[in-house]
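Asks: run.txt is reproduced below (compact mmCIF, C-alpha atoms and all ligand atoms).
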```txt
# COMPACT_ATOMS: atom_id res chain seq x y z
CA MET Y 1 -10.43 -12.32 -28.89
CA SER Y 2 -11.16 -8.67 -29.57
CA GLU Y 3 -11.77 -6.32 -26.64
CA SER Y 4 -14.94 -5.08 -28.32
CA GLN Y 5 -16.69 -8.36 -27.38
CA PHE Y 6 -16.46 -7.48 -23.70
CA ALA Y 7 -18.34 -4.81 -21.73
CA PRO Y 8 -16.41 -1.55 -21.13
CA LEU Y 9 -14.51 -1.38 -17.85
CA LYS Y 10 -16.40 0.34 -15.02
CA ASN Y 11 -13.59 0.33 -12.44
CA ASP Y 12 -10.15 1.20 -13.83
CA ARG Y 13 -8.44 2.16 -10.53
CA PHE Y 14 -6.12 -0.85 -10.69
CA LEU Y 15 -5.04 -0.14 -14.30
CA HIS Y 16 -4.45 3.54 -13.51
CA ALA Y 17 -2.39 2.77 -10.39
CA LEU Y 18 -0.26 0.30 -12.38
CA GLN Y 19 0.63 3.16 -14.76
CA ARG Y 20 1.09 5.52 -11.76
CA GLN Y 21 -1.81 7.71 -12.95
CA PRO Y 22 -4.14 9.51 -10.50
CA VAL Y 23 -6.79 7.46 -8.65
CA ASP Y 24 -9.42 8.32 -6.00
CA ARG Y 25 -8.17 5.67 -3.56
CA THR Y 26 -5.55 2.91 -3.47
CA PRO Y 27 -6.76 -0.12 -5.46
CA MET Y 28 -6.69 -3.50 -3.73
CA TRP Y 29 -6.85 -7.23 -4.30
CA MET Y 30 -5.31 -10.17 -2.47
CA MET Y 31 -3.14 -13.04 -3.70
CA ARG Y 32 -5.07 -16.33 -3.43
CA GLN Y 33 -8.28 -14.34 -2.94
CA ALA Y 34 -10.30 -17.26 -4.32
CA GLY Y 35 -9.43 -20.16 -2.07
CA ARG Y 36 -9.94 -22.36 0.92
CA TYR Y 37 -10.49 -19.60 3.52
CA LEU Y 38 -13.90 -19.03 1.84
CA PRO Y 39 -16.66 -21.54 2.76
CA GLU Y 40 -18.31 -20.93 -0.62
CA TYR Y 41 -15.03 -21.95 -2.32
CA ARG Y 42 -14.90 -25.17 -0.30
CA ALA Y 43 -18.51 -25.92 -1.35
CA THR Y 44 -17.79 -25.42 -5.07
CA ARG Y 45 -14.55 -27.39 -4.77
CA GLU Y 46 -16.54 -30.27 -3.22
CA LYS Y 47 -18.92 -30.19 -6.22
CA ALA Y 48 -16.05 -30.18 -8.74
CA GLY Y 49 -14.09 -33.19 -7.46
CA SER Y 50 -10.33 -32.64 -7.47
CA PHE Y 51 -8.61 -29.26 -7.56
CA MET Y 52 -7.56 -29.84 -11.21
CA ASP Y 53 -11.16 -30.81 -12.09
CA LEU Y 54 -12.16 -27.41 -10.72
CA CYS Y 55 -9.50 -25.67 -12.84
CA ARG Y 56 -10.69 -27.55 -15.95
CA ASN Y 57 -14.39 -26.79 -15.38
CA THR Y 58 -15.00 -23.43 -17.09
CA GLU Y 59 -18.27 -22.72 -15.33
CA LEU Y 60 -17.00 -23.59 -11.84
CA ALA Y 61 -13.62 -21.85 -12.35
CA CYS Y 62 -15.65 -18.78 -13.28
CA GLU Y 63 -17.83 -19.17 -10.19
CA VAL Y 64 -14.90 -19.32 -7.74
CA THR Y 65 -13.14 -16.37 -9.43
CA MET Y 66 -16.25 -14.27 -8.72
CA GLN Y 67 -16.74 -15.39 -5.09
CA PRO Y 68 -14.35 -12.95 -3.38
CA LEU Y 69 -15.80 -10.08 -5.47
CA GLU Y 70 -19.23 -10.77 -4.01
CA ARG Y 71 -17.85 -10.34 -0.49
CA PHE Y 72 -15.30 -7.53 -0.79
CA PRO Y 73 -15.03 -4.25 -2.78
CA LEU Y 74 -12.02 -5.54 -4.74
CA ASP Y 75 -10.51 -3.67 -7.68
CA ALA Y 76 -9.28 -6.75 -9.60
CA ALA Y 77 -10.19 -10.37 -10.24
CA ILE Y 78 -7.56 -13.07 -10.71
CA LEU Y 79 -8.04 -16.06 -12.97
CA PHE Y 80 -8.75 -19.22 -11.00
CA SER Y 81 -6.11 -21.74 -12.06
CA ASP Y 82 -2.66 -22.77 -10.89
CA ILE Y 83 0.98 -22.17 -11.85
CA LEU Y 84 1.56 -25.93 -12.27
CA THR Y 85 -0.69 -26.23 -15.36
CA ILE Y 86 2.40 -25.76 -17.57
CA PRO Y 87 4.41 -28.74 -16.24
CA ASP Y 88 1.17 -30.74 -16.23
CA ALA Y 89 0.73 -29.94 -19.94
CA MET Y 90 4.35 -31.05 -20.51
CA GLY Y 91 3.27 -34.51 -19.39
CA LEU Y 92 4.61 -34.61 -15.81
CA GLY Y 93 1.28 -35.76 -14.33
CA LEU Y 94 0.26 -33.23 -11.66
CA TYR Y 95 -1.73 -34.45 -8.67
CA PHE Y 96 -2.44 -33.22 -5.15
CA VAL Y 97 -2.21 -35.17 -1.92
CA GLN Y 98 -4.34 -33.87 0.96
CA GLY Y 99 -2.09 -31.94 3.35
CA GLU Y 100 1.05 -32.46 1.25
CA GLY Y 101 0.50 -30.11 -1.64
CA PRO Y 102 1.30 -30.63 -5.33
CA LYS Y 103 3.17 -33.67 -6.68
CA PHE Y 104 4.36 -34.91 -10.06
CA LYS Y 105 4.21 -38.53 -11.21
CA LYS Y 106 7.17 -37.97 -13.54
CA PRO Y 107 9.64 -35.45 -12.11
CA VAL Y 108 12.43 -34.14 -14.35
CA ARG Y 109 15.83 -35.33 -13.12
CA THR Y 110 18.22 -36.43 -15.89
CA SER Y 111 19.64 -34.64 -18.93
CA ALA Y 112 17.51 -36.96 -21.07
CA ASP Y 113 14.35 -35.94 -19.13
CA ILE Y 114 15.13 -32.30 -19.90
CA ALA Y 115 16.04 -32.89 -23.55
CA ALA Y 116 12.66 -34.58 -24.06
CA LEU Y 117 10.66 -31.52 -22.93
CA GLU Y 118 8.92 -29.40 -25.54
CA VAL Y 119 7.65 -25.84 -25.33
CA VAL Y 120 3.94 -25.99 -24.50
CA ASN Y 121 1.42 -25.12 -27.13
CA THR Y 122 -1.27 -23.31 -25.15
CA ALA Y 123 -3.88 -23.46 -27.92
CA ARG Y 124 -3.47 -27.24 -28.12
CA ASP Y 125 -2.75 -28.25 -24.52
CA LEU Y 126 -4.07 -25.55 -22.22
CA SER Y 127 -7.25 -24.31 -23.89
CA TYR Y 128 -9.16 -24.94 -20.64
CA VAL Y 129 -7.21 -22.02 -19.16
CA THR Y 130 -7.86 -19.58 -22.01
CA ASP Y 131 -11.52 -20.69 -22.12
CA ALA Y 132 -11.81 -19.83 -18.42
CA VAL Y 133 -10.21 -16.40 -19.05
CA THR Y 134 -12.78 -15.54 -21.73
CA ALA Y 135 -15.71 -16.87 -19.69
CA ILE Y 136 -14.60 -14.86 -16.63
CA ARG Y 137 -14.30 -11.67 -18.71
CA HIS Y 138 -17.92 -12.15 -19.86
CA GLU Y 139 -19.07 -12.88 -16.32
CA LEU Y 140 -17.23 -9.82 -14.93
CA ASN Y 141 -19.15 -7.68 -17.40
CA GLY Y 142 -16.65 -4.81 -16.96
CA ARG Y 143 -16.82 -4.76 -13.15
CA VAL Y 144 -13.05 -4.88 -12.60
CA PRO Y 145 -10.03 -5.92 -14.70
CA LEU Y 146 -8.92 -9.57 -14.87
CA ILE Y 147 -5.39 -10.66 -13.96
CA GLY Y 148 -3.87 -13.65 -15.76
CA PHE Y 149 -0.78 -15.32 -14.31
CA SER Y 150 2.02 -17.83 -14.57
CA GLY Y 151 4.82 -19.17 -12.38
CA SER Y 152 8.36 -18.00 -13.12
CA PRO Y 153 10.62 -20.52 -14.91
CA TRP Y 154 12.74 -21.03 -11.76
CA THR Y 155 9.70 -21.57 -9.52
CA LEU Y 156 8.18 -24.06 -12.00
CA ALA Y 157 11.57 -25.81 -12.33
CA THR Y 158 11.77 -26.36 -8.54
CA TYR Y 159 8.47 -28.28 -8.54
CA MET Y 160 9.38 -30.19 -11.71
CA ILE Y 161 12.76 -31.33 -10.37
CA GLU Y 162 11.76 -31.98 -6.76
CA GLY Y 163 8.48 -33.58 -7.85
CA ALA Y 164 6.78 -31.92 -4.87
CA SER Y 165 7.03 -28.93 -2.53
CA SER Y 166 10.44 -28.68 -0.91
CA ARG Y 167 12.08 -26.92 2.02
CA ASP Y 168 15.65 -26.72 0.75
CA PHE Y 169 15.37 -27.34 -3.04
CA ALA Y 170 18.27 -29.79 -2.70
CA ARG Y 171 17.80 -31.53 -6.06
CA ALA Y 172 17.11 -28.32 -7.98
CA LYS Y 173 20.13 -26.57 -6.49
CA GLU Y 174 22.37 -29.56 -7.01
CA MET Y 175 21.43 -29.42 -10.71
CA LEU Y 176 21.95 -25.66 -10.82
CA TYR Y 177 25.48 -25.89 -9.42
CA ASN Y 178 26.64 -29.19 -10.92
CA ARG Y 179 24.85 -29.18 -14.27
CA PRO Y 180 24.12 -25.51 -15.06
CA GLU Y 181 23.71 -26.28 -18.78
CA ASP Y 182 20.85 -28.70 -18.01
CA MET Y 183 19.26 -26.10 -15.74
CA HIS Y 184 19.54 -23.43 -18.43
CA GLN Y 185 18.00 -25.76 -21.00
CA LEU Y 186 15.04 -26.44 -18.67
CA LEU Y 187 14.58 -22.73 -17.82
CA SER Y 188 14.75 -21.83 -21.47
CA VAL Y 189 11.96 -24.25 -22.46
CA LEU Y 190 9.92 -22.95 -19.53
CA ALA Y 191 10.47 -19.29 -20.43
CA ASP Y 192 9.27 -19.89 -23.99
CA SER Y 193 6.29 -21.84 -22.63
CA VAL Y 194 5.38 -19.02 -20.24
CA ILE Y 195 5.55 -16.47 -23.10
CA ASP Y 196 3.15 -18.58 -25.20
CA TYR Y 197 0.88 -19.19 -22.19
CA LEU Y 198 0.65 -15.56 -21.02
CA ASN Y 199 0.23 -14.18 -24.54
CA ALA Y 200 -2.62 -16.67 -25.05
CA GLN Y 201 -4.21 -15.48 -21.77
CA ILE Y 202 -3.86 -11.84 -22.94
CA ARG Y 203 -5.47 -12.65 -26.30
CA ALA Y 204 -8.27 -14.49 -24.45
CA GLY Y 205 -9.01 -11.42 -22.30
CA ALA Y 206 -6.51 -11.07 -19.41
CA GLN Y 207 -5.91 -7.32 -18.94
CA VAL Y 208 -2.89 -7.60 -16.62
CA VAL Y 209 -0.49 -10.50 -16.02
CA GLN Y 210 1.48 -11.43 -12.93
CA ILE Y 211 4.55 -13.68 -12.78
CA PHE Y 212 4.78 -15.56 -9.46
CA ASP Y 213 8.44 -16.17 -8.60
CA THR Y 214 7.57 -17.76 -5.29
CA TRP Y 215 10.96 -19.39 -4.77
CA GLY Y 216 13.31 -16.80 -6.34
CA GLY Y 217 14.24 -15.68 -2.83
CA ALA Y 218 15.77 -19.09 -2.12
CA LEU Y 219 18.55 -18.39 -4.64
CA GLY Y 220 21.98 -16.95 -3.87
CA HIS Y 221 22.68 -13.37 -4.88
CA SER Y 222 24.30 -14.06 -8.25
CA ALA Y 223 22.24 -17.21 -8.91
CA TYR Y 224 19.05 -15.12 -8.69
CA ARG Y 225 20.07 -13.02 -11.69
CA GLU Y 226 21.38 -15.91 -13.73
CA PHE Y 227 18.68 -18.50 -13.03
CA SER Y 228 15.54 -16.53 -12.22
CA LEU Y 229 15.63 -12.86 -13.20
CA GLN Y 230 17.23 -13.41 -16.61
CA TYR Y 231 14.35 -15.67 -17.66
CA MET Y 232 11.67 -13.37 -16.27
CA GLU Y 233 13.24 -10.54 -18.27
CA ARG Y 234 13.05 -12.71 -21.40
CA ILE Y 235 9.36 -13.25 -20.64
CA VAL Y 236 8.64 -9.54 -20.08
CA GLN Y 237 10.37 -8.81 -23.41
CA GLY Y 238 8.41 -11.56 -25.18
CA LEU Y 239 4.96 -10.52 -23.99
CA ILE Y 240 2.44 -8.62 -26.06
CA LYS Y 241 2.93 -4.98 -25.03
CA GLU Y 242 -0.45 -3.81 -26.26
CA HIS Y 243 -3.73 -5.55 -26.94
CA ASP Y 244 -6.38 -3.77 -29.00
CA GLY Y 245 -4.68 -0.44 -28.34
CA ARG Y 246 -4.37 -0.88 -24.56
CA PRO Y 247 -1.11 -1.44 -22.69
CA VAL Y 248 -0.81 -4.84 -20.96
CA PRO Y 249 0.83 -4.29 -17.55
CA VAL Y 250 3.13 -6.99 -16.12
CA ILE Y 251 3.60 -7.49 -12.36
CA LEU Y 252 6.76 -9.28 -11.21
CA PHE Y 253 6.61 -10.87 -7.77
CA THR Y 254 9.73 -12.49 -6.30
CA LYS Y 255 9.02 -13.61 -2.76
CA GLY Y 256 12.15 -12.71 -0.77
CA GLY Y 257 13.29 -10.45 -3.62
CA GLY Y 258 13.46 -7.18 -1.65
CA GLN Y 259 17.18 -6.69 -2.16
CA TRP Y 260 16.91 -7.02 -5.97
CA LEU Y 261 14.22 -4.43 -6.69
CA GLU Y 262 16.40 -2.20 -8.87
CA ALA Y 263 17.34 -5.13 -11.10
CA MET Y 264 13.72 -6.31 -11.22
CA ALA Y 265 12.59 -2.82 -12.25
CA ASP Y 266 15.15 -2.90 -15.10
CA THR Y 267 13.38 -5.87 -16.73
CA GLY Y 268 10.69 -3.58 -18.14
CA ALA Y 269 7.98 -4.84 -15.77
CA THR Y 270 5.18 -2.36 -14.99
CA ALA Y 271 4.98 -3.16 -11.28
CA LEU Y 272 6.81 -5.15 -8.61
CA GLY Y 273 5.11 -7.26 -5.96
CA LEU Y 274 6.69 -6.89 -2.50
CA ASP Y 275 6.59 -9.39 0.32
CA TRP Y 276 6.25 -8.18 3.91
CA THR Y 277 9.97 -8.21 4.73
CA THR Y 278 10.53 -5.09 2.60
CA ASP Y 279 9.79 -1.53 3.75
CA ILE Y 280 7.53 -0.14 1.02
CA ALA Y 281 8.75 3.45 1.72
CA GLN Y 282 12.36 2.45 1.05
CA ALA Y 283 11.29 0.35 -1.95
CA ARG Y 284 9.58 3.39 -3.44
CA ALA Y 285 12.65 5.56 -2.90
CA ARG Y 286 14.81 2.91 -4.59
CA VAL Y 287 12.73 2.29 -7.72
CA GLY Y 288 11.59 5.90 -8.13
CA ASP Y 289 9.08 6.31 -10.91
CA LYS Y 290 10.20 3.28 -12.91
CA VAL Y 291 7.52 0.89 -11.62
CA ALA Y 292 4.40 0.73 -9.45
CA LEU Y 293 4.55 -1.29 -6.20
CA GLN Y 294 2.13 -3.94 -4.99
CA GLY Y 295 1.86 -5.19 -1.42
CA ASN Y 296 2.73 -5.83 1.25
CA LEU Y 297 1.16 -6.88 4.57
CA ASP Y 298 2.29 -10.05 6.32
CA PRO Y 299 -0.55 -12.53 5.50
CA ALA Y 300 -0.45 -13.58 9.17
CA ILE Y 301 -1.88 -10.18 10.14
CA LEU Y 302 -5.26 -11.59 9.09
CA LEU Y 303 -5.08 -13.89 12.13
CA ALA Y 304 -5.02 -10.82 14.42
CA SER Y 305 -7.99 -8.67 15.52
CA PRO Y 306 -9.74 -6.30 13.09
CA GLU Y 307 -8.36 -3.32 15.09
CA ARG Y 308 -4.80 -4.60 14.75
CA ILE Y 309 -5.36 -5.27 11.03
CA ARG Y 310 -6.53 -1.68 10.58
CA GLN Y 311 -3.35 -0.35 12.22
CA GLU Y 312 -1.17 -2.38 9.85
CA VAL Y 313 -3.15 -1.13 6.84
CA ALA Y 314 -2.71 2.46 8.08
CA THR Y 315 1.05 1.93 8.49
CA CYS Y 316 1.46 0.44 5.02
CA LEU Y 317 -0.56 3.20 3.28
CA ALA Y 318 1.36 5.90 5.17
CA ALA Y 319 4.69 4.26 4.33
CA PHE Y 320 3.95 4.37 0.59
CA GLY Y 321 2.69 7.92 1.11
CA GLN Y 322 1.09 10.41 -1.24
CA GLY Y 323 0.27 9.78 -4.85
CA SER Y 324 -0.49 6.94 -7.21
CA GLY Y 325 1.57 3.82 -7.93
CA HIS Y 326 0.56 1.65 -4.97
CA ILE Y 327 -1.65 -1.42 -5.32
CA PHE Y 328 -2.60 -2.69 -1.90
CA ASN Y 329 -2.13 -6.46 -1.36
CA LEU Y 330 -0.73 -8.99 1.05
CA GLY Y 331 2.95 -9.90 0.76
CA HIS Y 332 1.98 -13.49 -0.20
CA GLY Y 333 -1.21 -15.54 -0.49
CA VAL Y 334 -3.99 -15.55 2.10
CA THR Y 335 -3.87 -18.77 4.15
CA PRO Y 336 -6.76 -21.26 4.58
CA GLN Y 337 -7.29 -20.65 8.32
CA VAL Y 338 -8.13 -16.92 7.88
CA ASP Y 339 -11.63 -15.74 8.87
CA PRO Y 340 -13.13 -14.00 5.78
CA ALA Y 341 -14.46 -11.26 8.10
CA HIS Y 342 -10.85 -10.33 8.89
CA ALA Y 343 -10.06 -9.99 5.18
CA GLY Y 344 -13.19 -7.81 5.02
CA ALA Y 345 -11.83 -5.60 7.82
CA MET Y 346 -8.56 -5.16 5.90
CA PHE Y 347 -10.31 -4.08 2.69
CA GLU Y 348 -12.65 -1.76 4.58
CA ALA Y 349 -9.64 -0.08 6.17
CA VAL Y 350 -7.98 0.41 2.76
CA ALA Y 351 -11.18 1.92 1.32
CA GLU Y 352 -11.56 4.29 4.30
CA LEU Y 353 -7.96 5.28 4.94
CA SER Y 354 -6.47 5.51 1.44
CA PRO Y 355 -8.36 8.47 -0.15
CA GLN Y 356 -6.28 10.93 1.96
CA TYR Y 357 -3.20 9.86 -0.03
CA HIS Y 358 -4.89 10.77 -3.32
CA PRO Y 359 -5.91 14.43 -2.89
O1 LIG F 401 -4.87 -16.06 -6.32
C1 LIG F 401 -5.89 -16.70 -6.69
O2 LIG F 401 -6.94 -16.70 -6.02
C2 LIG F 401 -5.85 -17.41 -8.02
C3 LIG F 401 -5.59 -18.82 -8.02
C4 LIG F 401 -4.23 -19.38 -7.69
C5 LIG F 401 -4.08 -20.66 -7.12
N1 LIG F 401 -2.75 -20.98 -7.09
C6 LIG F 401 -5.20 -21.51 -6.69
C7 LIG F 401 -4.93 -22.67 -5.82
C8 LIG F 401 -2.94 -18.88 -7.92
C9 LIG F 401 -2.50 -17.52 -8.44
C10 LIG F 401 -2.01 -19.92 -7.55
C11 LIG F 401 -0.54 -19.80 -7.70
C12 LIG F 401 0.34 -20.84 -7.16
N2 LIG F 401 0.15 -22.20 -7.11
C13 LIG F 401 1.64 -20.58 -6.67
C14 LIG F 401 2.33 -19.24 -6.67
C15 LIG F 401 1.80 -18.30 -5.67
C16 LIG F 401 2.08 -18.62 -4.25
O3 LIG F 401 1.11 -18.69 -3.49
O4 LIG F 401 3.25 -18.77 -3.91
C17 LIG F 401 2.19 -21.82 -6.25
C18 LIG F 401 3.57 -22.02 -5.64
C19 LIG F 401 1.25 -22.83 -6.55
C20 LIG F 401 1.40 -24.31 -6.38
C21 LIG F 401 0.33 -24.81 -5.50
N3 LIG F 401 -0.95 -25.05 -5.94
C22 LIG F 401 0.38 -25.05 -4.10
C23 LIG F 401 1.63 -24.93 -3.26
C24 LIG F 401 -0.91 -25.42 -3.71
C25 LIG F 401 -1.41 -25.71 -2.32
C26 LIG F 401 -1.46 -27.16 -2.05
C27 LIG F 401 -2.01 -27.47 -0.68
O5 LIG F 401 -2.55 -28.58 -0.54
O6 LIG F 401 -1.93 -26.63 0.24
C28 LIG F 401 -1.73 -25.41 -4.86
C29 LIG F 401 -3.17 -25.73 -4.91
C30 LIG F 401 -4.07 -24.55 -5.01
N4 LIG F 401 -3.92 -23.58 -5.94
C31 LIG F 401 -5.22 -24.29 -4.22
C32 LIG F 401 -5.79 -23.11 -4.75
C33 LIG F 401 -7.06 -22.44 -4.32
C34 LIG F 401 -5.78 -25.16 -3.10
C35 LIG F 401 -6.33 -26.40 -3.72
C36 LIG F 401 -7.54 -27.00 -3.01
O7 LIG F 401 -8.66 -26.49 -3.21
O8 LIG F 401 -7.35 -28.01 -2.34
```
Once you've parsed the file, please lay out its structure as C-alpha cells.

Replies:
Amino acid sequence: MSESQFAPLKNDRFLHALQRQPVDRTPMWMMRQAGRYLPEYRATREKAGSFMDLCRNTELACEVTMQPLERFPLDAAILFSDILTIPDAMGLGLYFVQGEGPKFKKPVRTSADIAALEVVNTARDLSYVTDAVTAIRHELNGRVPLIGFSGSPWTLATYMIEGASSRDFARAKEMLYNRPEDMHQLLSVLADSVIDYLNAQIRAGAQVVQIFDTWGGALGHSAYREFSLQYMERIVQGLIKEHDGRPVPVILFTKGGGQWLEAMADTGATALGLDWTTDIAQARARVGDKVALQGNLDPAILLASPERIRQEVATCLAAFGQGSGHIFNLGHGVTPQVDPAHAGAMFEAVAELSPQYHP
C-alpha cells in the first residue's frame, strides 16, 4: 500500500513528539480508547455479535476505531483488534467467556505442541487485520496517525500456555525454568510471527506500531532480559524502519518494566510506554535523549472527580517538564467502569495545561 493513496496528515503532533521534535502541546491518546467504557462501543459490539466478529468486520472495526475521536481531541487512533489474533491464527481457537476474559480451546503445553507451531503468514491468515488498517486509514482521511500493534512474544506465550488469563503464570513459568529450550522455541516462532504481522500492518497503512508486553513485569530480573526483552529487540530489529520515505516509530510498553528502561531504550525502540509506578521525571533523566516517553497516569484516576483528574494531569506534565518527547497516556488501558466524561476532563486538562511546556 503506497502512502500516496491516503490523504496527507493534518495533525502530526504525535509523530513529532515520538521523534522528540518541537510541538505546540503534548500529544495524547489512551490505551484501550475504543472499548466498553463507551456506550457507542457497546452498541456496535451488540450489532457485531462476538468480540472476534467485531474484529473481523472491517466496517464495524473501522467504526469503533473512530468513536473515541468523535468525543475527544485525540492525536492518534489505534487499530481496533486484539493481541490474541496471532495465536488464534496459529490454530489455538480463541474465544471469550463473559466475565472471564480470553480462552484458548487448544493451549500449548507439550514439546510436541510447540514443535507443531508455524510462523504465521499474515497475508494468508490475518488479512482481516490488514484490511481493517487500510480501511481505517481511508476513514481517518489524514485526521491523525494510526497506531498498529501486537503483543510481545512473552505476553502471547503466557496466554497460549495458560489457555486463559492467569494470576501467577504457573504453567508458563514452570516451562520457562524447567524446559527453557521449549520456551525459547515458542518465543522464537512468536517473534518471527510478530515481525511478519507488524510489517504487514505497516505496509497496509499503520504509521506507528506499539508492542504490548503486558506481562513482562511478572518476570524475574534476569528472566525479563532472556525471555521478553531479547525477543522484543529481535522484533524492533526486524521491523521496516521506513515506509515510503517516512520513519516508522516503535513504542515498547512493558507493564511493570520501570526498572529496565535503560535496557529497553537500547533495543532501538523510538519510545517507551511507562506504567504509573514509574516517576516520569526520573525516567526521563535515565533514558536521556535516546527515546521518547509515553504515559503514565494510573487508570484508576479516571474514577476520581474531574478536579482530581486535572491535578494528576498537571503533576504528570510538570514531572516530564519542558520540551518535546512526551506522549500523554494512561499507564495501562482504560477500564470499562470509567465515565467517558472523566476521560474528557483528562484530555481537556492536557490540551489546556501542556502548551506552557512547549514555548
Ligand atoms: O486500545 C484500543 O482501543 C485498541 C484495541 C485493543 C483491544 N485489546 C481491544 C479489546 C488493544 C490494543 C488490545 C490489547 C490487548 N488485548 C492486550 C494488551 C494490552 C493490555 O491492555 O494489557 C491484552 C492483554 C489483550 C487480551 C484481551 N483481549 C483481554 C485481557 C481482553 C478482555 C477480556 C474481558 O472480558 O475483560 C480482551 C478483549 C478485548 N480486547 C476487548 C476490547 C475492546 C473487550 C471485548 C468485549 O467487547 O467484550

Asks: Which residue gives the smallest distance to Ala61 of chain Y among Y:Asp12, Y:Asp113, Y:Asp131, Y:Asp182, with all atoms listed in the file counted?

Replies: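 Counting all atoms listed in the file, the residue closest to Ala61 of chain Y is Y:Asp131.
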
Asks: Enter the distance from atom CA of Pro249 of chain Y to atom CA of Ala285 of chain Y, in Å, rounded to one decimal.

Replies: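 Taking atom CA of Pro249 of chain Y as the start and atom CA of Ala285 of chain Y as the end point, the length is 21.2 Å.
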
Asks: Rank Y:Val23, Y:Met232, Y:Val334, Y:Leu74 by their smallest atom-to-atom distance to ligand LIG 401 (chain F), using all atoms listed in the file, and report the top residue only.

Replies: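 Using all atoms listed in the file, the shortest distance to ligand LIG 401 (chain F) belongs to Y:Val334.
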
Asks: Of the candidates Y:Tyr357, Y:Tyr128, Y:Phe347, Y:Tyr41, which one gets nearest to ligand LIG 401 (chain F) if we count only C-alpha atoms and all ligand atoms?

Replies: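 With only C-alpha atoms and all ligand atoms as the atom set, the closest residue is Y:Tyr41.
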
Asks: Write out as a ChimeraX atom specification each polymer residue (protein, DNA or RNA) that has an atom no more than 6 Å from ligand LIG 401 (chain F), with all atoms listed in the file counted.

Replies: /Y:31-36,51,78-83,98-102,212,214,333

Asks: Taking (-5.1, -8.2, 8.5) in the file's coordinates, which residues come within 6 Å, counting all atoms listed in the file, written as an MDAnalysis selection string?

Replies: chainID Y and resid 301:302 309 346

Asks: Just the residues within 8 Å of Leu146 of chain Y, please, counting only C-alpha atoms, with nothing from its chain fewer than 5 positions along; format it as a ChimeraX atom specification.

Replies: /Y:76-79,136-137,205-208

Asks: What lies within 12 Å of Val108 of chain Y using all atoms listed in the file, ignoring chain neighbours under 2 positions off, as a VMD selection string?

Replies: chain Y and resid 87 to 88 90 to 93 104 to 106 110 to 117 156 to 164 171 to 172 175 182 to 183 186

Asks: Those residues with C-alpha atoms, as an mmCIF file, keeping the file's coordinate frame please?

Replies:
```cif
data_model
loop_
_atom_site.group_PDB
_atom_site.id
_atom_site.type_symbol
_atom_site.label_atom_id
_atom_site.label_comp_id
_atom_site.auth_asym_id
_atom_site.auth_seq_id
_atom_site.Cartn_x
_atom_site.Cartn_y
_atom_site.Cartn_z
ATOM 1 C CA PRO Y 87 4.410 -28.740 -16.240
ATOM 2 C CA ASP Y 88 1.170 -30.740 -16.230
ATOM 3 C CA MET Y 90 4.350 -31.050 -20.510
ATOM 4 C CA GLY Y 91 3.270 -34.510 -19.390
ATOM 5 C CA LEU Y 92 4.610 -34.610 -15.810
ATOM 6 C CA GLY Y 93 1.280 -35.760 -14.330
ATOM 7 C CA PHE Y 104 4.360 -34.910 -10.060
ATOM 8 C CA LYS Y 105 4.210 -38.530 -11.210
ATOM 9 C CA LYS Y 106 7.170 -37.970 -13.540
ATOM 10 C CA THR Y 110 18.220 -36.430 -15.890
ATOM 11 C CA SER Y 111 19.640 -34.640 -18.930
ATOM 12 C CA ALA Y 112 17.510 -36.960 -21.070
ATOM 13 C CA ASP Y 113 14.350 -35.940 -19.130
ATOM 14 C CA ILE Y 114 15.130 -32.300 -19.900
ATOM 15 C CA ALA Y 115 16.040 -32.890 -23.550
ATOM 16 C CA ALA Y 116 12.660 -34.580 -24.060
ATOM 17 C CA LEU Y 117 10.660 -31.520 -22.930
ATOM 18 C CA LEU Y 156 8.180 -24.060 -12.000
ATOM 19 C CA ALA Y 157 11.570 -25.810 -12.330
ATOM 20 C CA THR Y 158 11.770 -26.360 -8.540
ATOM 21 C CA TYR Y 159 8.470 -28.280 -8.540
ATOM 22 C CA MET Y 160 9.380 -30.190 -11.710
ATOM 23 C CA ILE Y 161 12.760 -31.330 -10.370
ATOM 24 C CA GLU Y 162 11.760 -31.980 -6.760
ATOM 25 C CA GLY Y 163 8.480 -33.580 -7.850
ATOM 26 C CA ALA Y 164 6.780 -31.920 -4.870
ATOM 27 C CA ARG Y 171 17.800 -31.530 -6.060
ATOM 28 C CA ALA Y 172 17.110 -28.320 -7.980
ATOM 29 C CA MET Y 175 21.430 -29.420 -10.710
ATOM 30 C CA ASP Y 182 20.850 -28.700 -18.010
ATOM 31 C CA MET Y 183 19.260 -26.100 -15.740
ATOM 32 C CA LEU Y 186 15.040 -26.440 -18.670
#
```

Asks: Name the closest residue to Ala319 of chain Y among the candidates Y:Ala341, Y:Ala283, Y:Leu303, Y:Ile211; distances are taken between atoms, counting only C-alpha atoms.

Replies: Y:Ala283

Asks: So, counting only C-alpha atoms, which residue among Y:Thr155, Y:Ser228, Y:Gln337, Y:Gln311 is closest to Ala349 of chain Y?

Replies: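 When distances to Ala349 of chain Y are compared using only C-alpha atoms, the smallest one comes from Y:Gln311.
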
Asks: In the coordinate frame of the file, compute which residues have an atom within 9 Å of (1.7, 5.6, -1.1) when using only C-alpha atoms, and state them as a list in words.

Replies: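 Residues satisfying the cut-off, written out: Thr26, Ile280, Ala281, Arg284, Cys316, Leu317, Ala318, Ala319, Phe320, Gly321, Gln322, Gly323, Ser324, Gly325, His326, Ile327, Ser354, Tyr357 and His358 of chain Y.
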
Asks: Between Y:Met264, Y:Leu38, Y:Leu69, Y:Met52, single out the one closest to Pro340 of chain Y, counting only C-alpha atoms.

Replies: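 Checking each of Y:Met264, Y:Leu38, Y:Leu69, Y:Met52 against Pro340 of chain Y, counting only C-alpha atoms, the winner is Y:Leu38.
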
Asks: Quick one: pull the distance between atom CA of Lys103 of chain Y and atom CA of Val236 of chain Y, Å, one decimal.

Replies: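 Computed distance, atom CA of Lys103 of chain Y to atom CA of Val236 of chain Y, equals 28.1 Å.
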
Asks: Give me, please, the distance in Å between atom CA of Glu3 of chain Y and atom CA of Val194 of chain Y, quoted to one decimal.

Replies: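 So the two atoms, atom CA of Glu3 of chain Y and atom CA of Val194 of chain Y, lie 22.3 Å apart.
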
Asks: Could you name the residues that touch Lys10 of chain Y at 12 Å or less, counting only C-alpha atoms, but leaving out those on the same chain fewer than 4 positions away, as a list in words?

Replies: Phe6, Phe14, Leu15, Asp75, Ala76, Leu140, Asn141, Gly142, Arg143, Val144 and Pro145 of chain Y
